[in-house]
Amino acid sequence: MIVVLKPDATEADIAHIQQQVVHWGLQTHLSRGAQRTILGIIGPEDLLREKPLAAFPGVESVMPILKPYRLASFEFRQAGSVVTFAAPGGAVEIGGKRVTVIAGPCSVETREQILGIARSVKNSGASLLRGGAFKPRTSPYSFQGLGLEGLDLLAETRRETGLPVVTELIDTRDLAHIEKYADMIQIGARNMQNYSLLKEVGKSRKPVLLKRGMSATIKDFLMSAEYILSEGNFNVVLCERGIRTFETMTRNTLDLNAVPVLKRETHLPVIVDPSHGIGLRDFVSPMALAAVAAGADGVMIEVHNAPESALSDGEQSLRLQEFEALMSRLRGVAEAIGRSV
Ligand code: PEP
Ligand code: MN
C-alpha cells in the first residue's frame, strides 16, 4: 500500500500514521521528494483491510498494490484457466484454443421447441445448449419460464442430443435442482451482485457462467467473480452481455472493450453474449464476429425456430439458418486469429 501525503502534512501527522501502522503489525518506509512525501507500507496488505488510512489527517490518497480481486487476478494464476466439463457427447472446454459456441433459445418453451433447436444448433456446430427455465423478467407479468418442467425438458434434450446444458439460477432454493440437471449454472446480469447467490454457487463445484451486470464496471464484475472463487469454485467463466448507456437505438451497448481488459486482468475465460448486448437480430452476427476477433473465448447466441412467436427475446434471436451461416463466418474469424471453432 502506498500513502501519498498532502503537501501541508505536518511531521506530527506523519508520525501519527507511522505509529498506527506499526501498531497494526506492518512497517513503513518514508520517501521525501521535492514536492511530495510518500509513505510505503510494507507487509501483508491483508492487515490493512478495513483500516481507514484515508481518514488520517495529512493523507491525500491511498493506493493498494495488490488487486482487490486477488483469486481472479493474473497475479494469482499466471496461465489462463480452462473450464472443462464432461458432457454426454464428450468433454467441452471454455478457455482453450477453441472458441466455444453456446446457442439456444432465451427460454425453454415446449418439448418440440427445445429439442428441435438443440438438434439444429448441434448440427451447425454449437458445443453447448442454452435455455432458461427460470426467467428473470423485467415485468412480473411477462413469461417467467417453465420452472422445473423446463429443467426436465432440458435434461431430456441433453440425453437426446448429447449437448451439455447451461441454464440460469435465480433463487438459491433451486440450486440443488439445477445442479442435478445442468452442466453449467448461469448467473444473470440482474443477479451479478446478489452476493448470497454468488456464495451458494461458489460452494457448488459446477461451472458457473457469470454475466456482467448492466451497470457494473469491469472491477465490480471481477469482484463478483471473486465471491465465487473465494468459496472454492474456480470453474467460472465471465460473460460480457452489454451495459446500459445513453444509447437508445440498441437494447444495450456491447462493451467489447471489456474483452481485452478482462483478458489482461484475469485468468478466467471470457465469453460474449451479443444477443443481449445489442438486442436486435440483424446486428447480432457482426458483433459475434467482432467478439471473437477481440479475443473472446466463446460466444453465447440466442437462437429460435420461430422468433416471431418466441415467449422471450424473439427480436434478438437468430433463426436456425442464420445461426448456421454465422457459424461458418465464425470459423473464418477464428482461423484468422489462430483459433478454431
Ligand atoms: C439470458 O441469458 O436470457 C438473460 C436473461 O441474460 P442477462 O442476464 O444477460 O439479461
Ligand atoms: Mn434472453
# chains A, B, ... in the order shown; residues from 1 in each chain; ligands from 1
>>> residues_near_ligand(ligand="ligand 2", cutoff="9 Å", atoms="only C-alpha atoms and all ligand atoms", output="JSON, numbers by chain")
{"A": [105, 106, 107, 131, 132, 135, 275, 276, 302, 312, 313, 314, 316, 317]}
>>> residues_near_ligand(ligand="ligand 1", cutoff="10 Å", atoms="only C-alpha atoms and all ligand atoms", output="JSON, numbers by chain")
{"A": [104, 105, 106, 107, 130, 131, 132, 133, 134, 135, 136, 137, 138, 166, 167, 168, 170, 186, 187, 188, 189, 190, 191, 192, 209, 210, 211, 212, 213, 214, 239, 240, 241, 242, 243, 252, 272, 273, 274, 275, 276, 277, 300, 301, 302, 312, 313]}
>>> residues_around(residues="Leu326 (chain A)", least_positions_apart="5", cutoff="9 Å", atoms="only C-alpha atoms", output="PDB file with N, CA and C atoms, in the first residue's frame")
ATOM      1  N   SER A 285     -24.960 -11.034 -35.448  1.00  0.00           N
ATOM      2  CA  SER A 285     -23.850 -11.760 -36.086  1.00  0.00           C
ATOM      3  C   SER A 285     -22.589 -10.903 -36.206  1.00  0.00           C
ATOM      4  N   PRO A 286     -22.698  -9.651 -36.696  1.00  0.00           N
ATOM      5  CA  PRO A 286     -21.455  -8.859 -36.775  1.00  0.00           C
ATOM      6  C   PRO A 286     -20.776  -8.698 -35.413  1.00  0.00           C
ATOM      7  N   ALA A 288     -20.970 -10.787 -32.905  1.00  0.00           N
ATOM      8  CA  ALA A 288     -20.388 -12.089 -32.509  1.00  0.00           C
ATOM      9  C   ALA A 288     -19.014 -12.245 -33.162  1.00  0.00           C
ATOM     10  N   LEU A 289     -18.928 -11.876 -34.441  1.00  0.00           N
ATOM     11  CA  LEU A 289     -17.641 -11.985 -35.155  1.00  0.00           C
ATOM     12  C   LEU A 289     -16.618 -11.050 -34.514  1.00  0.00           C
ATOM     13  N   GLN A 321     -31.297 -20.991 -39.673  1.00  0.00           N
ATOM     14  CA  GLN A 321     -30.374 -20.872 -40.817  1.00  0.00           C
ATOM     15  C   GLN A 321     -29.396 -19.710 -40.613  1.00  0.00           C
ATOM     16  N   ARG A 331     -15.998 -19.444 -38.041  1.00  0.00           N
ATOM     17  CA  ARG A 331     -14.825 -20.303 -38.302  1.00  0.00           C
ATOM     18  C   ARG A 331     -13.739 -19.500 -39.005  1.00  0.00           C
TER      19      ARG A 331
END
>>> residues_around(residues="Val121 (chain A)", least_positions_apart="3", cutoff="9 Å", atoms="only C-alpha atoms", output="list of chain:residue names")
A:Ile102, A:Ala103, A:Gly104, A:Gly116, A:Ile117, A:Ala118, A:Ser124, A:Gly125, A:Ala126, A:Ser127, A:Leu128, A:Leu129, A:Val303, A:Leu320, A:Phe323, A:Glu324
>>> closest_residue(among="A:Gly90, A:Pro52, A:Gly40, A:Gly95", to="Thr266 (chain A)", atoms="only C-alpha atoms")
A:Gly95
>>> residues_around(residues="Arg70 (chain A)", least_positions_apart="4", cutoff="9 Å", atoms="only C-alpha atoms", output="PDB file with N, CA and C atoms, in the first residue's frame")
ATOM      1  N   LEU A  66      -1.862  -4.596  -4.461  1.00  0.00           N
ATOM      2  CA  LEU A  66      -2.477  -5.832  -4.961  1.00  0.00           C
ATOM      3  C   LEU A  66      -3.870  -5.539  -5.484  1.00  0.00           C
ATOM      4  N   PHE A  74      -4.508 -12.243 -12.507  1.00  0.00           N
ATOM      5  CA  PHE A  74      -3.379 -12.953 -13.103  1.00  0.00           C
ATOM      6  C   PHE A  74      -2.222 -13.118 -12.130  1.00  0.00           C
ATOM      7  N   GLU A  75      -2.213 -12.272 -11.094  1.00  0.00           N
ATOM      8  CA  GLU A  75      -1.138 -12.425 -10.102  1.00  0.00           C
ATOM      9  C   GLU A  75      -1.274 -13.763  -9.389  1.00  0.00           C
ATOM     10  N   PHE A  76      -2.520 -14.228  -9.270  1.00  0.00           N
ATOM     11  CA  PHE A  76      -2.754 -15.480  -8.540  1.00  0.00           C
ATOM     12  C   PHE A  76      -2.418 -16.697  -9.393  1.00  0.00           C
ATOM     13  N   MET A 223     -15.038  -8.425  -8.981  1.00  0.00           N
ATOM     14  CA  MET A 223     -15.276  -8.643  -7.545  1.00  0.00           C
ATOM     15  C   MET A 223     -16.384  -9.677  -7.335  1.00  0.00           C
ATOM     16  N   GLU A 226     -14.895 -12.926  -7.782  1.00  0.00           N
ATOM     17  CA  GLU A 226     -14.081 -13.209  -6.592  1.00  0.00           C
ATOM     18  C   GLU A 226     -14.927 -13.871  -5.487  1.00  0.00           C
TER      19      GLU A 226
END
